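Notes follow once the structure below has been shown.
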Amino acid sequence: MDPLLKKTVLAKIKTVWMTLKNPDMKTHATFKNVIQVLKIINVQAAKLHYTGGVNECIRCEEIPNCAVALPCGHVGCEDCLLEFVEQRREQRCPGERCKSPKIPDDFEIKSTFDVNKAVKKHGEFRSTLNLFFMDLIDNFCFTSMEEPPEKKVLDALLEFITAKTLSGDTERKGTKELSPFQEHGIDSSPVVRSFLLQLCLKCDKKLALEHIETFMAHKKPLLDCEDEVIEFSQLYMNCVQDVNLQRIYNSDKDIETVLILRSIEILDENLDTGGITDFDIPSLDAFSNVRLAFGQVARVVSKYIENPDHIGQNRYMMQLILLANQFLQQTRHTAKEFLVREISNKYRADAVYEMKKYPCLVNLLPEELVKDETSIPDLFHISGKRYQVLKSQMIKGLIQNDFSELKDYLVNNPDQHEIVNVMLLALYNCLYLQTDIEVSPEGLSNLSTVIQEVKNIWYRFPKVQDLLNKMLLSNLGAFNSNDNQSQRDIEIKKIAFLIQSNSSSTQAQNGLCGFFQELVHTPANLQLKFLPSMPHDVTFEIISEMKKEIDKTHNVAPKFFLCPNNHVYTIGDCTNPVGRGKCADCGTEIGAQQYGQLLQGNKLLEGERDKTKTGYTEVVVGQTKEGTREMTPFETSILQILIHLGLLSACMDKSVDVSNVCQKPEQELFQFLLDQINLGITAASKCVGKSQDDIIFLVTSLASEVSTWDGRKFDLLSHQSRVDWELEFVKKIKNFSKGLELLRNNYDEAVETDDTSSLGALHTLLHGEVHYENAQDKLWQVRFRVTADNLMEWLVSNNQANNAQTLIEFMKKIDIVEFLGNLPSILQLQKQLVEKFTGRIALSDVEGMSIRDFYHKMDDANKEQFIQLSEVLLQTWNNLVDKVKSFGGIMAAELAKLDMFDRVLDPGNTPAAFLFPASHGTGLCSYALAMLLIDTHNSLVRSDLPPIHPYNAGPGHLATLTKSQVQTMLLAHTRYYLQKNGVTKEEYDIVSMDRRVKEKYVQGRPRLLDTELQRVQFLEDRSGFEQRLLSSRIAQQDMSNNAQYQIETELNSLPDLCQLLESVYTAKDFLLEAGGQPDLSLAKFLGNLHLYNGDIPGSTNGGPFRHLQLAHVDSLLNFLLLVRAKRMIKNGQSPFEQVIPLAYRCSLPIALSETITDCLTSIPHAWLLPNLFSFIWTRLRTQPTGDSSGQPDWPLKDTLAPHVLQGEEHCDNIQADILVKHAIDFFQIVTKAAFDF
């Protein structure tokens, strides 16, 4: 912003803003003050741009066109001022209240560069101000539809939409106003104004309708002409349709089915109403719904053409077609024309020809189309004017049997490649496709003679002669004419022939062209090459990256395994199968049957080799939202179409080779390739929201240019060579898109001037001017909409990527970005849980209860908020679960072990542990979700603002761009025109949208500090790892057996046990620092520290520790840890899972497991369990001293003996085959056997 403008405007904003007493934009008082603020800002800025601050035309009160600054300070359009002076026959200002109206005679009324620059500059500023106004409305007036703004606010907004005073005459009003400014604020686009109208319809439809009904009732005195009524009616209908669609899209139901059922309902309701007869609101509502229903009819018809058998079995779709037939019998001819335009412009024009073949569809067509026998325009016109001339001369020669003009044109043309190419195209069209020309044997012979006489022009292209011979002898195989072929099949054959003729009339080249030449002429050579757009071994790629990350983090090389459904999982540490789990992708059981032995169906991923196949690989076209490698889904679809067209072209004389390449029987090959091409066209069409005809035109244009794609050689013998080829192709397609509009215009002109064929009724309907019987028929307008869902592909395919780099970056991550606004709620919930429950709750408890059951543990004061925050967390997880699953490398591997990905989570089926951010257990899910959101935000933001802590971030600090906001931006940056051919054309200001996203979300948001989030510490997590013994400070002694029995008997609850363990650890930490007397009562000491001692509230008994002293602390801790381990084993949990390396958690062989009971007859379990547990807890968790190489495979009896203080002889009774790596499983089996768990 200009420094002077910034200084002036900001000072005024601050002054006026401080006067606002109530910052609630839903109240009329605040709303009115804000409007005044904006008007003052506009005037202040205008004073910097214009003399006196007047910035609208003094005569028409619109933004000045070819602006002229008058001496009096007013500004006007050049035409307005000249017309006024001519009418008055004097030079004066048109302003009635102008203080200096006289204009000097020598003053020339002519626009100047400086004045136009000022108009443009202020227009840009006012546009920004208007966008700010729309932001305020969206974010503060309509934050919640349950709490709408005051009625006066809605009244004022609807006034902006429906009324504008012109020239001080209150009786004359226009519909151009959106902004709060008298001069025309943003532009004249009805779509822009629909932004506010949609908000009002969503918020208070009744009030909005009251305003609009009043406005429409007075349309004659209010509006200048009928067109303004139609324009506003279109605006209203579009808004009603958008609101209805948004409600359907936001539902959780099958959208396609809901739309069809709603369309059936609409047509059934309106069967007896006929067409629209007036512009009243009920009629416009009904008409908007009917237009929505016919949009679905068009979609169903196009699907029927593609697969009549499948659609014919869908009773809802067939019911919709039946109702459409009944409706069209009672309505005007215009409705049928609208349906044809809807089908042709949004889906495929050739469907109209195919509809004639089906009794259920033919009556949907206007009568003139049913009778029309002309074919669709000739795609070969894309080759330019030379083709048009050659085709005309060739047809003339065949009719008159005189080819002299043709011969002269061929001989005298200097561009050999182009003339040969278009000659081949013209010959194919005349001999095989121009059905209205009868080719006599004599005419064909003379044509053949002329062609042979000029063969010197293609002496450098030997493949041309071969192709000519095939055509003249009708030896083109499947490319020969066929009475049963559809218009689409004809078009596809023509494009394939275009590739054939282009490559045949071009010398051998490198670059991209070289690949297509090889594809057409020597397809057998492709078997050993990495073909572009074909899939590669993604699994190997992922594994390679994971291995790097795991090795970098843990210095261990993991092994990878496959579940029964061939999904990959990994085992680290010892890399041997130990435990069991579920596959994160399909939920089947994975892991070990026993130590070292995989479950049935699981297998080692052998060799971890790159299994990318060379040659052709059949892929399911259009079934994925992801592109291939560096290409977008749209670019991938276009390339696959071209490759299949090349293979189809090769079928002309290399069908056996193509059959081997595609691995399809020769008799099925041609239809297979046609199907793949059609699927690709449909997929590309859906990607960018364009018709299939647009895709065909693009592909044909690319096919005609392939011969010019020379360059460096790509051998395609390596994966990298393929990637380089694809990157070059992406550059070509992006550069090509720049000139596509000009190419389209030239093609349309060639079609219009083609004297060899008539245009036909369909072409006239789609491209000619529509003649309406009455004003109401003008509402049958086909409407194209770019939405937030297809915006990114639209930007790429329309060569707007360079203008919208920031916007595209956001759209790539929009699925995550949309939920960034939930991050503060998620972090608030996690922080509260960490602060409230750390060290006070057991993981075993929260894993065993649902979130719904856990609600009852919350205080009543916080319960409602807790429930709301929990629902936000679950909703965010359910929407981003696939993103979380693949986030973070090592974290993703840990997450894959959890059973949280195969269902939609709700409070009833989700463990309460899910809510607690943790490094293990299901709490890892919510922790990973929060980290994903933080990482996404930081990857998008590039701001000079100081970073903030995640817990301090609110929605205003985050890059929270939602699809709804993208849709709002589209509305605010779109202008559309009602064209004469019955189609609505939209234009989008992409540069302004990108700048807005960059300023607001990229530069206007702080980064979040890269700090680890808080994680809860469960009671089981307190392990005493590497802590000093209290004996170093206070004399210690062992507990008596009676004390042990009494404590174990009284401690029935595992959570109570864990809480007591936490209390004793805390007391020990205090004693290590402060010291104490060994004979002091432990229970009283815990009470003095206000620590939990297990006593019943109100009792002074002392709890389970009433007989213990401070001298028993070390012994008590060891005993409590042992008791906790036994209790967890009883509950089916492992006390060692998070703390003991996998190397020591191997399963005992089945044969050894069966002998454990015999072992207990010779070894007292009262000795074995404490000593074995002590060995595990102290030796296997710490870094061993001395030579520990191979320790897991040492015999347990020999390793345990040096550890025990007494009873060493019992170690001899442990079988020699039980190794240290079996220690955990051995302890668990002994515990279960000893206590009959």
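In the structure tokens, the first chain shown is A, the next is B, and so on; residue numbers restart at 1 for each chain, and ligands run from 1 in the order shown.
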Skip stretch 1199-1215 of chain A itself and residues of its chain fewer than 4 positions away, then list as number ranges by chain all residues within 8 Å of it, counting only C-alpha atoms. A: 1159, 1162-1163, 1167, 1171-1172, 1175, 1194-1195, 1220
Include N, CA and C atoms and write out the residues we just selected as an mmCIF file, in the first residue's frame.
```cif
data_model
loop_
_atom_site.group_PDB
_atom_site.id
_atom_site.type_symbol
_atom_site.label_atom_id
_atom_site.label_comp_id
_atom_site.auth_asym_id
_atom_site.auth_seq_id
_atom_site.Cartn_x
_atom_site.Cartn_y
_atom_site.Cartn_z
ATOM 1 N N CYS A 1159 8.396 -77.563 35.932
ATOM 2 C CA CYS A 1159 9.479 -76.744 36.487
ATOM 3 C C CYS A 1159 9.116 -76.227 37.870
ATOM 4 N N SER A 1162 9.868 -78.231 41.113
ATOM 5 C CA SER A 1162 11.226 -78.274 41.654
ATOM 6 C C SER A 1162 11.739 -76.905 42.084
ATOM 7 N N ILE A 1163 11.025 -75.822 41.656
ATOM 8 C CA ILE A 1163 11.439 -74.469 42.022
ATOM 9 C C ILE A 1163 10.260 -73.764 42.680
ATOM 10 N N TRP A 1167 10.096 -68.065 45.363
ATOM 11 C CA TRP A 1167 11.483 -67.655 45.125
ATOM 12 C C TRP A 1167 11.677 -67.207 43.680
ATOM 13 N N ASN A 1171 12.764 -63.107 42.144
ATOM 14 C CA ASN A 1171 14.122 -63.023 41.612
ATOM 15 C C ASN A 1171 14.130 -62.843 40.092
ATOM 16 N N LEU A 1172 13.236 -63.556 39.414
ATOM 17 C CA LEU A 1172 13.163 -63.412 37.965
ATOM 18 C C LEU A 1172 12.695 -62.003 37.603
ATOM 19 N N PHE A 1175 15.520 -59.588 38.136
ATOM 20 C CA PHE A 1175 16.491 -59.731 37.045
ATOM 21 C C PHE A 1175 16.016 -58.979 35.792
ATOM 22 N N TRP A 1194 21.819 -66.176 25.481
ATOM 23 C CA TRP A 1194 22.473 -66.860 26.604
ATOM 24 C C TRP A 1194 21.438 -67.705 27.351
ATOM 25 N N PRO A 1195 21.857 -68.818 27.946
ATOM 26 C CA PRO A 1195 20.920 -69.597 28.779
ATOM 27 C C PRO A 1195 20.476 -68.772 29.991
ATOM 28 N N VAL A 1220 17.727 -66.182 27.664
ATOM 29 C CA VAL A 1220 17.420 -64.857 28.215
ATOM 30 C C VAL A 1220 16.314 -64.174 27.400
#
```
List the neighbours of A:Ala684 out to 12 Å using only C-alpha atoms; skip same-chain residues closer than 6 positions along the sequence, and give me the result as a PyMOL selection string. chain A and resi 347+621-625+627+632-641+677-678+690-696+698-699+790+793-794+797
Find the spatial neighbours of A:Glu871, counting only C-alpha atoms, within a cut-off of 12 Å - ignore same-chain residues fewer than 6 positions away - and output them as a tab-separated table (two decimals) with N, CA and C atoms, in the first residue's frame.
```tsv
chain	number	residue	atom	x	y	z
A	822	ASN	N	-9.75	-26.68	14.44
A	822	ASN	CA	-10.05	-27.53	15.60
A	822	ASN	C	-8.84	-27.73	16.51
A	825	SER	N	-8.98	-26.42	20.22
A	825	SER	CA	-9.86	-27.23	21.08
A	825	SER	C	-9.19	-28.55	21.45
A	826	ILE	N	-8.50	-29.17	20.47
A	826	ILE	CA	-7.81	-30.43	20.74
A	826	ILE	C	-6.71	-30.23	21.77
A	829	LEU	N	-8.12	-29.65	25.28
A	829	LEU	CA	-8.53	-30.91	25.90
A	829	LEU	C	-7.32	-31.68	26.39
A	851	ILE	N	-14.98	-43.70	26.13
A	851	ILE	CA	-15.02	-42.25	26.41
A	851	ILE	C	-16.34	-41.89	27.09
A	852	ARG	N	-17.43	-42.53	26.65
A	852	ARG	CA	-18.73	-42.22	27.25
A	852	ARG	C	-18.73	-42.57	28.74
A	855	TYR	N	-16.80	-40.02	30.82
A	855	TYR	CA	-17.47	-38.74	31.11
A	855	TYR	C	-17.85	-38.62	32.59
A	864	GLU	N	-19.64	-30.64	30.55
A	864	GLU	CA	-20.20	-30.22	29.26
A	864	GLU	C	-19.10	-29.78	28.30
A	865	GLN	N	-18.14	-29.00	28.82
A	865	GLN	CA	-17.03	-28.56	27.98
A	865	GLN	C	-16.19	-29.76	27.54
A	877	TRP	N	-10.42	-36.59	13.99
A	877	TRP	CA	-9.77	-37.87	13.73
A	877	TRP	C	-10.46	-38.63	12.60
A	878	ASN	N	-11.77	-38.74	12.66
A	878	ASN	CA	-12.51	-39.50	11.65
A	878	ASN	C	-12.31	-38.94	10.24
A	905	LEU	N	-14.85	-43.66	14.76
A	905	LEU	CA	-14.81	-43.58	16.22
A	905	LEU	C	-15.97	-42.73	16.74
A	906	ASP	N	-16.53	-43.17	17.87
A	906	ASP	CA	-17.52	-42.38	18.59
A	906	ASP	C	-17.31	-42.61	20.09
A	907	PRO	N	-17.96	-41.84	20.94
A	907	PRO	CA	-17.70	-41.99	22.39
A	907	PRO	C	-17.99	-43.37	22.94
A	908	GLY	N	-18.84	-44.15	22.25
A	908	GLY	CA	-19.18	-45.47	22.76
A	908	GLY	C	-18.22	-46.56	22.37
A	910	THR	N	-14.82	-46.06	21.55
A	910	THR	CA	-13.43	-45.59	21.60
A	910	THR	C	-12.92	-45.62	23.03
A	915	LEU	N	-8.10	-40.15	24.33
A	915	LEU	CA	-8.12	-38.71	24.62
A	915	LEU	C	-6.80	-38.22	25.20
```
Tell me, in Å to one decimal, how far atom CA of A:Glu354 is from atom CA of A:Ile305.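 It comes out at 6.8 Å.
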Tell me which protein, DNA and RNA residues are within 6 Å of stretch 946-962 of chain A, counting only C-alpha atoms, leaving out same-chain ones fewer than 4 positions away, and put them as a list in words. Val817, Glu818, Leu820, Gly821, Pro824, Tyr1001, Arg1005, Pro1006, Arg1007, Leu1008 and Leu1009 of chain A
Taking 3 positions as the minimum chain separation for residues in the same chain, which residues sit within 7 Å of A:Met317 when counting only C-alpha atoms? Answer as a list in words.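 The neighbour list is Ile260, Val300, Ile311, Asn314, Leu320 and Ile321 of chain A.
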What is the distance between atom CA of A:Glu987 and atom CA of A:Glu342, in Å to one decimal? 19.2 Å
Fewer than 4 positions away in the same chain doesn't count, so skip those; otherwise give me all residues within 12 Å of A:Tyr358, counting only C-alpha atoms, as a count of residues only. 16
Write out as a PDB file with N, CA and C atoms, in the first residue's frame which residues come within 12 Å of A:Lys32 when counting only C-alpha atoms, dropping same-chain ones fewer than 4 positions away.
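Ended up saving to part38.pdb:
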```pdb
ATOM      1  N   LEU A  20     -16.559   2.857  18.458  1.00  0.00           N
ATOM      2  CA  LEU A  20     -17.509   1.743  18.523  1.00  0.00           C
ATOM      3  C   LEU A  20     -17.600   1.218  19.952  1.00  0.00           C
ATOM      4  N   ASN A  22     -19.982  -1.188  21.017  1.00  0.00           N
ATOM      5  CA  ASN A  22     -20.395  -2.594  21.059  1.00  0.00           C
ATOM      6  C   ASN A  22     -19.856  -3.312  19.832  1.00  0.00           C
ATOM      7  N   PRO A  23     -18.810  -4.145  19.987  1.00  0.00           N
ATOM      8  CA  PRO A  23     -18.179  -4.776  18.815  1.00  0.00           C
ATOM      9  C   PRO A  23     -18.941  -6.000  18.300  1.00  0.00           C
ATOM     10  N   ASP A  24     -20.253  -6.032  18.479  1.00  0.00           N
ATOM     11  CA  ASP A  24     -21.037  -7.160  18.016  1.00  0.00           C
ATOM     12  C   ASP A  24     -21.665  -6.818  16.671  1.00  0.00           C
ATOM     13  N   MET A  25     -21.130  -7.414  15.593  1.00  0.00           N
ATOM     14  CA  MET A  25     -21.584  -7.074  14.244  1.00  0.00           C
ATOM     15  C   MET A  25     -22.992  -7.593  13.950  1.00  0.00           C
ATOM     16  N   LYS A  26     -23.541  -8.405  14.859  1.00  0.00           N
ATOM     17  CA  LYS A  26     -24.902  -8.887  14.642  1.00  0.00           C
ATOM     18  C   LYS A  26     -25.936  -7.850  15.076  1.00  0.00           C
ATOM     19  N   THR A  27     -25.478  -6.834  15.797  1.00  0.00           N
ATOM     20  CA  THR A  27     -26.391  -5.760  16.193  1.00  0.00           C
ATOM     21  C   THR A  27     -26.352  -4.667  15.146  1.00  0.00           C
ATOM     22  N   HIS A  28     -27.490  -4.023  14.930  1.00  0.00           N
ATOM     23  CA  HIS A  28     -27.571  -3.018  13.881  1.00  0.00           C
ATOM     24  C   HIS A  28     -26.719  -1.796  14.203  1.00  0.00           C
ATOM     25  N   GLN A  36     -20.215   3.069   8.299  1.00  0.00           N
ATOM     26  CA  GLN A  36     -19.728   4.453   8.275  1.00  0.00           C
ATOM     27  C   GLN A  36     -18.205   4.502   8.218  1.00  0.00           C
ATOM     28  N   VAL A  37     -17.566   3.577   8.972  1.00  0.00           N
ATOM     29  CA  VAL A  37     -16.101   3.490   8.948  1.00  0.00           C
ATOM     30  C   VAL A  37     -15.617   3.248   7.519  1.00  0.00           C
ATOM     31  N   LEU A  38     -16.230   2.307   6.860  1.00  0.00           N
ATOM     32  CA  LEU A  38     -15.805   1.958   5.506  1.00  0.00           C
ATOM     33  C   LEU A  38     -16.040   3.103   4.536  1.00  0.00           C
ATOM     34  N   LYS A  39     -17.149   3.799   4.684  1.00  0.00           N
ATOM     35  CA  LYS A  39     -17.426   4.930   3.792  1.00  0.00           C
ATOM     36  C   LYS A  39     -16.409   6.048   3.988  1.00  0.00           C
ATOM     37  N   GLU A 150     -29.462  -9.252  13.718  1.00  0.00           N
ATOM     38  CA  GLU A 150     -30.730  -8.566  13.927  1.00  0.00           C
ATOM     39  C   GLU A 150     -31.409  -8.318  12.579  1.00  0.00           C
ATOM     40  N   LYS A 152     -32.701  -5.698  11.333  1.00  0.00           N
ATOM     41  CA  LYS A 152     -32.279  -4.469  10.659  1.00  0.00           C
ATOM     42  C   LYS A 152     -30.971  -4.680   9.890  1.00  0.00           C
ATOM     43  N   VAL A 153     -30.113  -5.566  10.395  1.00  0.00           N
ATOM     44  CA  VAL A 153     -28.863  -5.869   9.688  1.00  0.00           C
ATOM     45  C   VAL A 153     -29.176  -6.574   8.377  1.00  0.00           C
ATOM     46  N   LEU A 154     -30.060  -7.568   8.453  1.00  0.00           N
ATOM     47  CA  LEU A 154     -30.453  -8.269   7.235  1.00  0.00           C
ATOM     48  C   LEU A 154     -31.155  -7.327   6.261  1.00  0.00           C
ATOM     49  N   ASP A 155     -31.993  -6.421   6.804  1.00  0.00           N
ATOM     50  CA  ASP A 155     -32.647  -5.433   5.945  1.00  0.00           C
ATOM     51  C   ASP A 155     -31.614  -4.624   5.176  1.00  0.00           C
ATOM     52  N   ALA A 156     -30.584  -4.170   5.897  1.00  0.00           N
ATOM     53  CA  ALA A 156     -29.559  -3.336   5.266  1.00  0.00           C
ATOM     54  C   ALA A 156     -28.791  -4.116   4.200  1.00  0.00           C
ATOM     55  N   LEU A 157     -28.456  -5.381   4.511  1.00  0.00           N
ATOM     56  CA  LEU A 157     -27.721  -6.197   3.544  1.00  0.00           C
ATOM     57  C   LEU A 157     -28.551  -6.450   2.292  1.00  0.00           C
ATOM     58  N   PRO A 180     -21.163  -1.218   0.389  1.00  0.00           N
ATOM     59  CA  PRO A 180     -21.897  -0.172   1.102  1.00  0.00           C
ATOM     60  C   PRO A 180     -21.693   1.208   0.489  1.00  0.00           C
TER      61      PRO A 180
END
```
Where in stretch 378-597 of chain A does DSSP assign alpha helix (DSSP H), given as a PyMOL selection string? chain A and resi 385-400+404-411+416-428+441-453+462-472+487-504+511-521+538-554
Option closest in space to A:His1107, from A:Leu1091, A:Leu647, A:Met1039, A:Leu880 [counting only C-alpha atoms]: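 Under the stated criterion, the closest residue is A:Met1039.
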Expressed in Å, the length from atom CA of A:Leu390 to atom CA of A:Lys732 is 29.1 Å
DSSP strand (DSSP E or B) selection over stretch 528-729 of chain A, as a list of chain:residue names: A:Phe530, A:Lys559, A:Phe560, A:Phe561, A:Leu562, A:Val568, A:Tyr569, A:Thr570, A:Ile571, A:Arg580, A:Gly581, A:Lys582, A:Glu589, A:Ile590, A:Gly591, A:Ala592, A:Gln593, A:Gln594, A:Gln597, A:Leu598, A:Lys603, A:Leu604, A:Gly615
Generate the output file for the selected residues, C-alpha atoms, as a short mmCIF file (atom, residue, chain, number, x, y, z; two decimals), in the first residue's frame.
```cif
data_model
loop_
_atom_site.label_atom_id
_atom_site.label_comp_id
_atom_site.auth_asym_id
_atom_site.auth_seq_id
_atom_site.Cartn_x
_atom_site.Cartn_y
_atom_site.Cartn_z
CA PHE A 530 9.56 -48.08 -18.42
CA LYS A 559 12.62 -56.20 8.31
CA PHE A 560 9.41 -55.88 6.35
CA PHE A 561 6.60 -58.42 6.11
CA LEU A 562 3.35 -58.83 4.19
CA VAL A 568 3.36 -54.11 4.35
CA TYR A 569 4.28 -54.01 8.03
CA THR A 570 7.64 -53.83 9.78
CA ILE A 571 9.39 -55.42 12.73
CA ARG A 580 0.64 -60.24 17.29
CA GLY A 581 -1.31 -57.28 16.01
CA LYS A 582 -3.68 -56.18 13.26
CA GLU A 589 -4.01 -60.63 12.08
CA ILE A 590 -0.29 -60.12 11.65
CA GLY A 591 2.83 -61.13 13.55
CA ALA A 592 4.00 -64.37 15.15
CA GLN A 593 2.42 -67.76 15.70
CA GLN A 594 5.27 -68.21 18.12
CA GLN A 597 7.33 -68.31 13.24
CA LEU A 598 4.89 -66.11 11.28
CA LYS A 603 5.27 -63.74 4.80
CA LEU A 604 8.62 -62.01 4.70
CA GLY A 615 6.22 -52.45 -20.54
#
```
Smallest atom-to-atom distance to A:Ala46: which of A:Gly76, A:Ala1143, A:Glu83, A:Leu5, using only C-alpha atoms?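 For A:Ala46, the nearest of the given residues is A:Leu5.
Distances from A:Arg1124, A:His333, A:Arg341, A:Lys738 to A:Ala842 were compared using only C-alpha atoms, and the smallest one belongs to A:Arg1124.
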Counting only C-alpha atoms, which residue out of A:Leu323, A:Glu147, A:Gln600, A:Lys529 sits closest to A:Thr617?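 Ranking A:Leu323, A:Glu147, A:Gln600, A:Lys529 by distance to A:Thr617, first place goes to A:Lys529.
Candidate residues A:Met811, A:Leu131, A:Ile41, A:Cys72 were compared for distance to A:Lys102, and the nearest is A:Cys72, using only C-alpha atoms.
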